[in-house]
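Raw query.cif, mmCIF, C-alpha atoms:
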data_final
#
loop_
_atom_site.group_PDB
_atom_site.id
_atom_site.type_symbol
_atom_site.label_atom_id
_atom_site.label_comp_id
_atom_site.auth_asym_id
_atom_site.auth_seq_id
_atom_site.Cartn_x
_atom_site.Cartn_y
_atom_site.Cartn_z
ATOM 1 C CA MET A 1 75.196 76.708 -56.866
ATOM 2 C CA ALA A 2 73.180 77.657 -53.796
ATOM 3 C CA ASP A 3 70.081 76.100 -55.350
ATOM 4 C CA LEU A 4 71.971 72.828 -55.937
ATOM 5 C CA LYS A 5 73.118 72.714 -52.300
ATOM 6 C CA LYS A 6 69.580 73.465 -51.135
ATOM 7 C CA PHE A 7 68.188 70.706 -53.392
ATOM 8 C CA ALA A 8 70.802 68.185 -52.111
ATOM 9 C CA LEU A 9 69.911 69.108 -48.539
ATOM 10 C CA TRP A 10 66.201 68.481 -49.169
ATOM 11 C CA VAL A 11 66.931 65.159 -50.901
ATOM 12 C CA GLY A 12 69.168 64.144 -47.991
ATOM 13 C CA LEU A 13 66.454 65.073 -45.474
ATOM 14 C CA ALA A 14 63.843 63.120 -47.459
ATOM 15 C CA VAL A 15 66.042 60.007 -47.540
ATOM 16 C CA ALA A 16 66.847 60.337 -43.831
ATOM 17 C CA GLY A 17 63.148 60.798 -43.072
ATOM 18 C CA ALA A 18 62.264 57.665 -45.021
ATOM 19 C CA VAL A 19 64.931 55.665 -43.185
ATOM 20 C CA VAL A 20 63.735 56.912 -39.806
ATOM 21 C CA THR A 21 60.018 56.331 -40.486
ATOM 22 C CA VAL A 22 60.394 52.910 -42.120
ATOM 23 C CA TRP A 23 63.463 51.148 -40.744
ATOM 24 C CA VAL A 24 63.590 52.420 -37.169
ATOM 25 C CA PRO A 25 60.112 51.119 -36.143
ATOM 26 C CA ASP A 26 60.815 47.775 -37.842
ATOM 27 C CA THR A 27 64.178 47.492 -36.108
ATOM 28 C CA TYR A 28 62.621 48.456 -32.784
ATOM 29 C CA SER A 29 59.895 45.772 -33.206
ATOM 30 C CA TRP A 30 62.510 43.166 -34.135
ATOM 31 C CA ILE A 31 64.620 44.013 -31.070
ATOM 32 C CA LEU A 32 61.570 43.737 -28.790
ATOM 33 C CA ALA A 33 60.668 40.367 -30.336
ATOM 34 C CA GLN A 34 64.148 39.022 -29.518
ATOM 35 C CA PHE A 35 63.620 39.677 -25.807
ATOM 36 C CA LYS A 36 59.988 38.599 -25.648
ATOM 37 C CA PRO A 37 59.812 35.189 -23.976
ATOM 38 C CA THR A 38 58.412 32.334 -26.033
ATOM 39 C CA PRO A 39 55.394 30.749 -24.313
ATOM 40 C CA THR A 40 56.305 27.573 -22.434
ATOM 41 C CA ILE A 41 54.605 24.316 -23.369
ATOM 42 C CA LYS A 42 54.292 21.528 -20.816
ATOM 43 C CA ILE A 43 54.012 18.056 -22.308
ATOM 44 C CA ASP A 44 52.790 15.382 -19.917
ATOM 45 C CA PHE A 45 53.644 11.891 -21.132
ATOM 46 C CA GLN A 46 51.354 10.252 -18.519
ATOM 47 C CA ALA A 47 53.300 7.091 -17.739
ATOM 48 C CA THR A 48 50.644 5.330 -15.691
ATOM 49 C CA ASN A 49 47.627 3.829 -17.481
ATOM 50 C CA ALA A 50 47.287 6.719 -19.912
ATOM 51 C CA CYS A 51 50.195 6.701 -22.335
ATOM 52 C CA GLY A 52 48.022 8.175 -25.080
ATOM 53 C CA GLY A 53 48.771 11.611 -23.592
ATOM 54 C CA GLY A 54 52.235 11.465 -25.129
ATOM 55 C CA SER A 55 51.122 10.729 -28.662
ATOM 56 C CA LEU A 56 53.114 12.725 -31.205
ATOM 57 C CA THR A 57 49.952 12.984 -33.273
ATOM 58 C CA ASP A 58 48.663 15.363 -30.592
ATOM 59 C CA LEU A 59 51.943 17.269 -30.587
ATOM 60 C CA LYS A 60 51.771 18.049 -34.305
ATOM 61 C CA ARG A 61 49.683 21.120 -33.493
ATOM 62 C CA HIS A 62 52.693 22.574 -31.665
ATOM 63 C CA PHE A 63 54.919 22.316 -34.717
ATOM 64 C CA ASP A 64 54.908 25.729 -36.342
ATOM 65 C CA ASN A 65 52.617 25.246 -39.373
ATOM 66 C CA GLN A 66 53.786 21.627 -39.755
ATOM 67 C CA SER A 67 57.354 22.846 -40.285
ATOM 68 C CA VAL A 68 58.607 19.598 -38.716
ATOM 69 C CA ARG A 69 57.916 16.432 -40.687
ATOM 70 C CA LEU A 70 57.063 13.369 -38.603
ATOM 71 C CA GLU A 71 58.472 10.370 -40.492
ATOM 72 C CA TRP A 72 58.889 6.614 -40.339
ATOM 73 C CA GLY A 73 56.017 6.246 -37.848
ATOM 74 C CA ALA A 74 56.857 9.146 -35.518
ATOM 75 C CA ASP A 75 53.347 10.491 -36.076
ATOM 76 C CA ARG A 76 51.971 7.324 -34.437
ATOM 77 C CA LEU A 77 54.388 7.183 -31.500
ATOM 78 C CA VAL A 78 53.135 7.128 -27.919
ATOM 79 C CA ILE A 79 55.780 8.175 -25.397
ATOM 80 C CA CYS A 80 55.452 6.669 -21.938
ATOM 81 C CA ASP A 81 57.516 8.547 -19.381
ATOM 82 C CA PRO A 82 56.801 9.651 -15.798
ATOM 83 C CA ASP A 83 58.466 13.051 -16.287
ATOM 84 C CA ASP A 84 56.929 15.863 -18.264
ATOM 85 C CA LEU A 85 58.851 18.093 -20.651
ATOM 86 C CA GLN A 86 58.994 21.895 -20.443
ATOM 87 C CA THR A 87 59.731 23.402 -23.842
ATOM 88 C CA ASN A 88 58.460 26.007 -26.288
ATOM 89 C CA ALA A 89 56.979 25.951 -29.778
ATOM 90 C CA VAL A 90 60.312 26.824 -31.401
ATOM 91 C CA ASN A 91 62.346 24.015 -29.784
ATOM 92 C CA ILE A 92 59.738 21.285 -29.262
ATOM 93 C CA ALA A 93 60.959 18.788 -31.882
ATOM 94 C CA GLY A 94 64.621 19.029 -30.893
ATOM 95 C CA ASP A 95 63.796 18.898 -27.170
ATOM 96 C CA ILE A 96 61.701 15.745 -27.557
ATOM 97 C CA ALA A 97 64.429 14.074 -29.619
ATOM 98 C CA ARG A 98 67.095 15.066 -27.051
ATOM 99 C CA LYS A 99 64.987 13.732 -24.188
ATOM 100 C CA PHE A 100 64.252 10.451 -26.009
ATOM 101 C CA PRO A 101 67.230 9.776 -28.334
ATOM 102 C CA GLY A 102 66.489 6.055 -28.193
ATOM 103 C CA CYS A 103 63.080 6.678 -29.757
ATOM 104 C CA LEU A 104 63.423 9.704 -32.036
ATOM 105 C CA ASP A 105 66.037 11.283 -34.277
ATOM 106 C CA TYR A 106 65.728 14.944 -35.295
ATOM 107 C CA ARG A 107 67.671 16.501 -38.151
ATOM 108 C CA SER A 108 66.899 18.553 -41.246
ATOM 109 C CA GLU A 109 63.445 19.561 -39.959
ATOM 110 C CA SER A 110 62.461 15.887 -39.738
ATOM 111 C CA LEU A 111 61.599 13.857 -36.641
ATOM 112 C CA ARG A 112 62.081 10.137 -37.360
ATOM 113 C CA LEU A 113 61.143 7.075 -35.356
ATOM 114 C CA MET A 114 64.110 4.907 -34.311
ATOM 115 C CA ARG A 115 62.602 1.748 -35.804
ATOM 116 C CA ALA A 116 65.382 -0.657 -34.721
ATOM 117 C CA SER A 117 65.726 0.629 -31.141
ATOM 118 C CA ALA A 118 65.081 -1.590 -28.108
ATOM 119 C CA ALA A 119 63.149 1.342 -26.580
ATOM 120 C CA VAL A 120 60.501 1.260 -29.338
ATOM 121 C CA CYS A 121 57.947 -1.449 -29.936
ATOM 122 C CA SER A 122 54.774 -1.885 -31.986
ATOM 123 C CA MET A 123 51.250 -2.523 -30.776
ATOM 124 C CA GLY A 124 50.789 -4.919 -33.673
ATOM 125 C CA SER A 125 48.003 -4.441 -36.172
ATOM 126 C CA ARG A 126 46.942 -1.114 -34.629
ATOM 127 C CA ASN A 127 49.989 0.505 -36.255
ATOM 128 C CA ILE A 128 50.819 2.400 -33.051
ATOM 129 C CA PHE A 129 54.301 2.490 -31.569
ATOM 130 C CA ILE A 130 55.332 2.829 -27.930
ATOM 131 C CA CYS A 131 58.465 4.565 -26.681
ATOM 132 C CA ASP A 132 59.581 3.427 -23.243
ATOM 133 C CA GLY A 133 60.775 6.765 -21.912
ATOM 134 C CA GLU A 134 63.260 5.279 -19.445
ATOM 135 C CA LYS A 135 64.900 3.051 -22.048
ATOM 136 C CA GLY A 136 64.569 5.797 -24.656
ATOM 137 C CA SER A 137 66.649 8.257 -22.647
ATOM 138 C CA VAL A 138 69.856 6.530 -23.786
ATOM 139 C CA SER A 139 70.953 6.864 -27.388
ATOM 140 C CA PRO A 140 71.613 3.529 -29.125
ATOM 141 C CA GLY A 141 73.321 5.269 -32.050
ATOM 142 C CA LEU A 142 72.155 5.854 -35.599
ATOM 143 C CA THR A 143 72.054 2.142 -36.419
ATOM 144 C CA ALA A 144 68.834 2.029 -34.344
ATOM 145 C CA LEU A 145 67.220 4.332 -36.891
ATOM 146 C CA GLY A 146 66.823 1.348 -39.207
ATOM 147 C CA SER A 147 64.964 2.005 -42.440
ATOM 148 C CA GLN A 148 61.491 3.162 -43.299
ATOM 149 C CA SER A 149 60.501 -0.275 -44.569
ATOM 150 C CA MET A 150 61.851 -2.084 -41.504
ATOM 151 C CA PRO A 151 59.117 -3.542 -39.282
ATOM 152 C CA VAL A 152 59.197 -2.484 -35.626
ATOM 153 C CA THR A 153 59.332 -5.374 -33.142
ATOM 154 C CA GLU A 154 56.073 -6.141 -31.367
ATOM 155 C CA CYS A 155 55.627 -5.124 -27.765
ATOM 156 C CA LEU A 156 55.758 -7.833 -25.137
ATOM 157 C CA ALA A 157 52.606 -8.332 -23.090
ATOM 158 C CA ALA A 158 54.526 -7.166 -20.001
ATOM 159 C CA THR A 159 55.395 -3.872 -21.734
ATOM 160 C CA LEU A 160 51.777 -3.267 -22.727
ATOM 161 C CA GLN A 161 50.605 -3.974 -19.168
ATOM 162 C CA LYS A 162 53.351 -1.785 -17.681
ATOM 163 C CA PHE A 163 51.982 1.223 -19.520
ATOM 164 C CA GLY A 164 48.282 0.419 -19.123
ATOM 165 C CA PHE A 165 47.438 -0.959 -22.571
ATOM 166 C CA GLU A 166 45.348 -4.089 -22.985
#
For the file at hand, write its structure as structure tokens.
Amino acid sequence: MADLKKFALWVGLAVAGAVVTVWVPDTYSWILAQFKPTPTIKIDFQATNACGGGSLTDLKRHFDNQSVRLEWGADRLVICDPDDLQTNAVNIAGDIARKFPGCLDYRSESLRLMRASAAVCSMGSRNIFICDGEKGSVSPGLTALGSQSMPVTECLAATLQKFGFE
């Protein structure tokens, strides 16, 4: 009987030792990661004569291993806005869509271009789209999402000049 109690004690100590050496360091690392600040990303949309700085094509590198799909032309969208955006790699897609709801819709890990919105226009045959940041800050509702096959209206010459495009 004493040998059985001694054996159970050793088994219990071995299990406790395994828990302490495996789970405690992992739990400690996880807790530290929760309090570690995520690096801030500053996105400058360069509203004057350099709208290309806001191209979502350039922002794709910030999406964690392409975890966010850019759809319906969002990968060719140039955002023209005088204010920059402070965000982080985890929240970048949602933050951009919240800042420009008239230009982008974000849901289900997908960032879609609002193809029927008055804040979005097309640069014609170049297959590049422009988001007017000021107009895009107001949500026109989901009807402005349009459909993937819907053509985006062409930009007026005044809009192109306003943002420095020829």
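Distances to A:Val78 were evaluated for A:Leu56, A:Leu113, A:Leu104, A:Ala118 using all atoms listed in the file, and the minimum falls at A:Leu56.
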Edge lengths and centre, in Å to one decimal, as JSON: that's what I need for the box along x, y and z that holds all listed atoms of stretch 144-162 of chain A plus 8 Å on each side.
{"center_x": 59.7, "center_y": -2.0, "center_z": -31.1, "size_x": 34.2, "size_y": 28.7, "size_z": 42.9}
The PyMOL selection byres ((chain A and resi 145) around 12) - which residues does that actually catch in the file I just gave you? List them as a ChimeraX atom specification. /A:71-74,101-106,111-120,139-144,146-152
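Across the model, the gap from atom CA of A:Gly133 to atom CA of A:Asn88 is 19.9 Å.
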Between atom CA of A:Gly94 and atom CA of A:Gly164, what is the distance in Å, rounded to a tenth? 27.4 Å
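In this comparison, which uses all atoms listed in the file, the residue of A:Thr40, A:Thr27, A:Ser137, A:Asn127 approaching A:Phe100 most closely is A:Ser137.
Atom pair atom CA of A:Leu85 / atom CA of A:Ser122 has a distance of 23.3 Å (rounded to one decimal).
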Counting all atoms listed in the file, the option among A:Ser110, A:Asn91, A:Thr153, A:Ser67 closest to A:Cys131: A:Thr153
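Proximity ranking of A:Lys42, A:Lys5, A:Arg69, A:Lys135 relative to A:Ser108 places A:Arg69 first, based on only C-alpha atoms.
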